[in-house]
Every structure is written in structure tokens, then in C-alpha cells.
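Structure, as C-alpha cells:
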Amino acid sequence: MRKLRIAVIIIFIGAAALFAAYQVRTRIEADTEPPVITSDSDSVSVSVEGEESDVFQGLSAKDNVDGDITDDIRVASMSNFTDTGTRNITYVVFDSSNQAATLTRELVYSDYTPPRITLTKPLRFEENDTEEWDTSDFLQYFKATDCLDGDITSQIRMNIEGNGYIDGAGTYPITLQVNNSAGDVTSVPVEMTIVDPEDEQESEKYYPVLSQYIVYTKAGQSLSLGDYVTGLQRGSMVYEFDSPDMPEDLAGTEVTITDGTDYNTPGTYTAEFSYTPPEGVTATTKMTVVVEE
């Protein structure tokens, strides 16, 4: 029995020694050095229409054990814009020991444009038509697109200035706002006109009809606003200039355009399109002109 106890002790000591040696060897051979990501530049320029892989250009990653692991680099995060069309992008890569390396550099979109809100119908309604309206009824006339996110119409928000609600015939300034996933915000002021259907003068007006009621351009690039005029509207009837239905007494008449836009200075401006029929009442349609940087 004593010999058996001695044998057990010897086996235990041997096993303990082997385990200790294994632990020491494991610690000596363990990979404690993380990989490294390098870039040939502090920034990268890409097109909004480019491939997803374009953001990785100029990057490489190496690990002391795994070697070249450039293909394993992934995007960890992207910040909101720090300037128009510019944001920070952070990359990450892991080696086979699950050790990570990160690198952050500037990402510049070479052809970025801010979100745009468009309107293809006039914001002119009869008083009775708006009594039961809510925000969704009004926003159905607008669309918002973004070069990064695509259709962002659902992100449009509106604010009616003044008392915040529609109270009878008149003109109501409204501000529309939309933002994209990079934090860029576009705000566009427009006007909504509510008319009294019982107003005799209103029934005599021919409003200029436009193909767009919110237009965009770059600073230094003027627009030919006359190209946006497509016809005239009286009540619910729309007369296209090139249509045979255009009344003879209106054919050949001109729409007067008053353009208050400073095309050299970024900002939001208003252009007015006025039409006075023979022996009639002048009607004015407004367009919002956005001059981008």
C-alpha cells in the first residue's frame, strides 16, 4: 500500500510538472502582438456612385503571425459629416488570435450633393379642401432624395410658421426639413396658398403652371426659369401651352418672371411667375430656388 501511495505521488508530481511546462511554453509561444493597418494617405476620395470597395483603397494590414491580412480589413464606423461631403471613417482588422487593429482617416465624397426636396404640384388649395387635413396629407406633395441614402421622403418634416395651423384663406409660410444618415440637413421654405372658392376674382385668375416648384443649382450657375413654365391653370382646369385646348385669347401671351435669386451666393430665394389675362386679374405662382455651394 505504501508503494502504491508513493507511485501515485510520483505520477501527480510528474503530471504537475508537465502541466507547468506546457503553460510556460504556451505563454512563451502566445501571439501577443496585434496586427497593424497602414494607409498611403490621411484621406481617401470616392464617388457616391462608386463601389463599396473604393473606401479601402490605399490600405494594407500585416500581422507578425498571419502575414498579409489586408483582405480582412472591414469598416468599423463612419462619423457624421465634419464638413460638407467629408466624414471620418474607421477601419478594423483582426488576426487569428482575435487581436484587433484600427485606423481612422478622412473620407471625402468627390461628387456629393446635399439632400433635395422636390415639388411638382402647386401648393394651392381651396379652403374647404384643407379642413380635415393633417401633416401626412400635406407631405404627400413632396419627395426627398439623397445621393447616399436614396429615397428619404419619409424623413421630411414640416413646420407651419406663425400659429402653426391653417386658418382660412391666405398665404402660409412653411419650412420643410430633411436629413440624411450622415447628418446633413436641408431646409427649404415654401408658401402654401389657401383660396376662397367664393371669391369672384379668384375664379378669374390664370395661375402659371411649372414643371418644378423647388429647383436647385450650384453657386455661379444661373437658371433659365422660363424653361419651367408649362401652362396656365384656372380653377381645376390646366391648359398646356402646346395643347390645342389652350383658349385662343390666351395663346401667345407671356408669363412675367421676377427672379430675386443671387446665383453667386448660396442660399434660398424666391422667384415669382405672374400672368394677367386680357381684361383679367393677375395671378402669381412662386418658385423656391436653392443655390448650393
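Within each chain, counting starts at residue 1; across the C-alpha cells, chains are named A, B, ... in the order shown, with ligands numbered 1 upward in that order.
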
**Message:** Residues within 12 Å of Glu279 in chain A, please, as a count of residues only. Count only C-alpha atoms; anything in the same chain fewer than 5 positions from it doesn't count.
**Reply:** 6

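Here the residues within range 84-282 of chain A that DSSP labels helix (DSSP H, G or I) on the basis of the backbone are Glu127, Asn128, Asp129, Thr130, Thr135, Ser136, Asp137, Phe138, Leu139, Thr153, Ser154, Gln155, Glu200, Gln201, Glu202, Ser203, Leu225, Gly226, Asp227 and Tyr228 of chain A.
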
Write out the residues from the selection above, keeping N, CA and C atoms, as a tab-separated table (two decimals), in the first residue's frame.
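Just written: part-v6.tsv:
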```
chain	number	residue	atom	x	y	z
A	127	GLU	N	-60.19	76.41	-49.63
A	127	GLU	CA	-60.32	76.41	-48.17
A	127	GLU	C	-61.01	75.17	-47.64
A	128	ASN	N	-62.06	74.73	-48.30
A	128	ASN	CA	-62.81	73.57	-47.81
A	128	ASN	C	-61.99	72.27	-47.88
A	129	ASP	N	-61.00	72.24	-48.79
A	129	ASP	CA	-60.24	71.01	-49.00
A	129	ASP	C	-59.28	70.70	-47.87
A	130	THR	N	-58.98	71.69	-47.04
A	130	THR	CA	-57.94	71.50	-46.01
A	130	THR	C	-58.50	71.40	-44.59
A	135	THR	N	-50.69	66.43	-41.21
A	135	THR	CA	-49.37	66.59	-41.82
A	135	THR	C	-49.15	65.66	-43.00
A	136	SER	N	-49.59	64.42	-42.89
A	136	SER	CA	-49.37	63.45	-43.96
A	136	SER	C	-50.07	63.85	-45.25
A	137	ASP	N	-51.23	64.51	-45.13
A	137	ASP	CA	-51.95	64.97	-46.31
A	137	ASP	C	-51.13	66.01	-47.07
A	138	PHE	N	-50.46	66.86	-46.34
A	138	PHE	CA	-49.66	67.91	-46.96
A	138	PHE	C	-48.36	67.36	-47.54
A	139	LEU	N	-47.70	66.49	-46.81
A	139	LEU	CA	-46.39	65.99	-47.23
A	139	LEU	C	-46.47	65.08	-48.46
A	153	THR	N	-37.99	60.32	-48.50
A	153	THR	CA	-39.23	61.09	-48.38
A	153	THR	C	-39.86	60.94	-47.00
A	154	SER	N	-39.76	59.76	-46.43
A	154	SER	CA	-40.36	59.52	-45.11
A	154	SER	C	-39.69	60.33	-44.00
A	155	GLN	N	-38.52	60.91	-44.29
A	155	GLN	CA	-37.80	61.69	-43.29
A	155	GLN	C	-38.16	63.17	-43.31
A	200	GLU	N	-64.94	85.93	-56.26
A	200	GLU	CA	-65.15	86.09	-57.70
A	200	GLU	C	-63.85	86.38	-58.43
A	201	GLN	N	-62.99	87.19	-57.85
A	201	GLN	CA	-61.71	87.50	-58.51
A	201	GLN	C	-60.85	86.25	-58.63
A	202	GLU	N	-60.91	85.39	-57.64
A	202	GLU	CA	-60.11	84.16	-57.67
A	202	GLU	C	-60.52	83.29	-58.85
A	203	SER	N	-61.78	83.25	-59.15
A	203	SER	CA	-62.26	82.41	-60.24
A	203	SER	C	-61.84	82.93	-61.61
A	225	LEU	N	-35.33	80.30	-65.90
A	225	LEU	CA	-36.58	79.94	-65.22
A	225	LEU	C	-37.75	79.82	-66.18
A	226	GLY	N	-37.67	80.47	-67.32
A	226	GLY	CA	-38.75	80.36	-68.29
A	226	GLY	C	-38.95	78.95	-68.80
A	227	ASP	N	-37.89	78.14	-68.72
A	227	ASP	CA	-37.99	76.76	-69.19
A	227	ASP	C	-38.89	75.91	-68.31
A	228	TYR	N	-39.19	76.40	-67.10
A	228	TYR	CA	-40.01	75.63	-66.17
A	228	TYR	C	-41.51	75.92	-66.33
```

**Message:** So the first atom is CA of Ile156 in chain A and the second is CA of Lys218 in chain A; what is the distance between them in Å, to one decimal place?
**Reply:** 22.5 Å

Quick one: which range 126-229 of chain A residues come within 12 Å of range 70-78 of chain A, and what is the nearest atom pair for each with the distance in Å to one decimal, counting only C-alpha atoms, rows ordered by chain and ascending number, as a tab-separated table?
```
residue	atom	partner	partner_atom	distance
A:Ser181	CA	A:Met78	CA	10.2
A:Ala182	CA	A:Met78	CA	8.4
A:Gly183	CA	A:Met78	CA	11.2
```

Could you write out that same residue set with all heavy atoms as a PDB file, in the first residue's frame?
```pdb
ATOM      1  N   SER A 181     -28.367  60.127 -43.470  1.00  0.00           N
ATOM      2  CA  SER A 181     -27.724  59.323 -42.426  1.00  0.00           C
ATOM      3  C   SER A 181     -26.377  59.877 -41.996  1.00  0.00           C
ATOM      4  O   SER A 181     -25.831  59.462 -40.972  1.00  0.00           O
ATOM      5  CB  SER A 181     -27.546  57.881 -42.929  1.00  0.00           C
ATOM      6  OG  SER A 181     -26.727  57.859 -44.102  1.00  0.00           O
ATOM      7  N   ALA A 182     -25.831  60.831 -42.765  1.00  0.00           N
ATOM      8  CA  ALA A 182     -24.549  61.438 -42.410  1.00  0.00           C
ATOM      9  C   ALA A 182     -24.731  62.743 -41.650  1.00  0.00           C
ATOM     10  O   ALA A 182     -23.758  63.444 -41.376  1.00  0.00           O
ATOM     11  CB  ALA A 182     -23.709  61.677 -43.666  1.00  0.00           C
ATOM     12  N   GLY A 183     -25.973  63.071 -41.320  1.00  0.00           N
ATOM     13  CA  GLY A 183     -26.231  64.247 -40.507  1.00  0.00           C
ATOM     14  C   GLY A 183     -26.376  65.546 -41.278  1.00  0.00           C
ATOM     15  O   GLY A 183     -26.487  66.612 -40.669  1.00  0.00           O
TER      16      GLY A 183
END
```

**Request:** Using DSSP on the backbone coordinates, identify all residues within range 86-250 of chain A classified as strand (DSSP E); present the result as JSON, numbers by chain.
**Result:** {"A": [86, 87, 88, 89, 90, 91, 92, 93, 94, 100, 101, 102, 103, 104, 105, 106, 107, 108, 109, 116, 117, 118, 119, 124, 125, 126, 142, 143, 144, 145, 146, 150, 151, 157, 158, 159, 160, 170, 171, 172, 173, 174, 175, 176, 177, 178, 179, 185, 186, 187, 188, 189, 190, 191, 192, 193, 194, 195, 207, 208, 209, 210, 214, 215, 216, 217, 218, 229, 230, 231, 232, 233, 234, 237, 238, 239, 240]}

**Item:** d(CA of Ala101 in chain A, CA of Gly58 in chain A) in Å
**Value:** 16.3 Å

**Request:** Would you mind telling me which residue in A:Thr193, A:Ser53, A:Thr32, A:Ser79 lies nearest to Ser96 in chain A when using only C-alpha atoms?
**Result:**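 Of A:Thr193, A:Ser53, A:Thr32, A:Ser79, the one nearest Ser96 in chain A, counting only C-alpha atoms, is A:Thr32.
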
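The spacing separating CA of Arg87 in chain A from CA of Asp40 in chain A amounts to 18.0 Å.
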
**Message:** Just want the 9 Å neighbourhood of Asp262 in chain A, counted on only C-alpha atoms, with same-chain residues fewer than 5 positions away dropped. Output as a list in words.
**Reply:**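 Here the qualifying residues turn out to be Ala219, Gly220, Ser222, Gly267, Tyr269 and Val291 of chain A.
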
Residues from the last selection, N, CA and C atoms, saved as a short mmCIF file (atom, residue, chain, number, x, y, z; two decimals), in the first residue's frame:
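Output (again.cif):
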```cif
data_model
loop_
_atom_site.label_atom_id
_atom_site.label_comp_id
_atom_site.auth_asym_id
_atom_site.auth_seq_id
_atom_site.Cartn_x
_atom_site.Cartn_y
_atom_site.Cartn_z
N ALA A 219 -23.66 77.47 -56.96
CA ALA A 219 -23.24 78.87 -56.97
C ALA A 219 -22.47 79.17 -58.26
N GLY A 220 -22.83 80.26 -58.91
CA GLY A 220 -22.19 80.63 -60.16
C GLY A 220 -22.90 80.11 -61.39
N SER A 222 -26.47 80.14 -63.19
CA SER A 222 -27.82 80.68 -63.23
C SER A 222 -28.76 79.71 -63.94
N GLY A 267 -27.78 80.00 -50.88
CA GLY A 267 -28.92 80.38 -50.07
C GLY A 267 -30.22 79.96 -50.73
N TYR A 269 -33.92 81.32 -52.28
CA TYR A 269 -34.53 82.52 -52.84
C TYR A 269 -35.92 82.20 -53.40
N VAL A 291 -29.68 77.77 -54.06
CA VAL A 291 -28.34 77.87 -54.61
C VAL A 291 -27.38 77.17 -53.64
#
```

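Every protein or nucleic acid residue with an atom no more than 8 Å from Asp146 in chain A, counting only C-alpha atoms and leaving out same-chain residues fewer than 2 positions away, appears here: A:Thr113, A:Pro114, A:Pro115, A:Arg116, A:Ala144, A:Leu148, A:Asp149, A:Gly150, A:Asp151, A:Ile152, A:Asn180.
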
**Residue neighbourhood Gln177 in chain A, 9 Å, only C-alpha atoms, exclusion window fewer than 3 positions, as a list in words** =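 In the requested form, the answer reads Ile117, Gln155, Ile156, Arg157, Met158, Asn159, Val185, Thr186, Ser187, Val188 and Pro189 of chain A.
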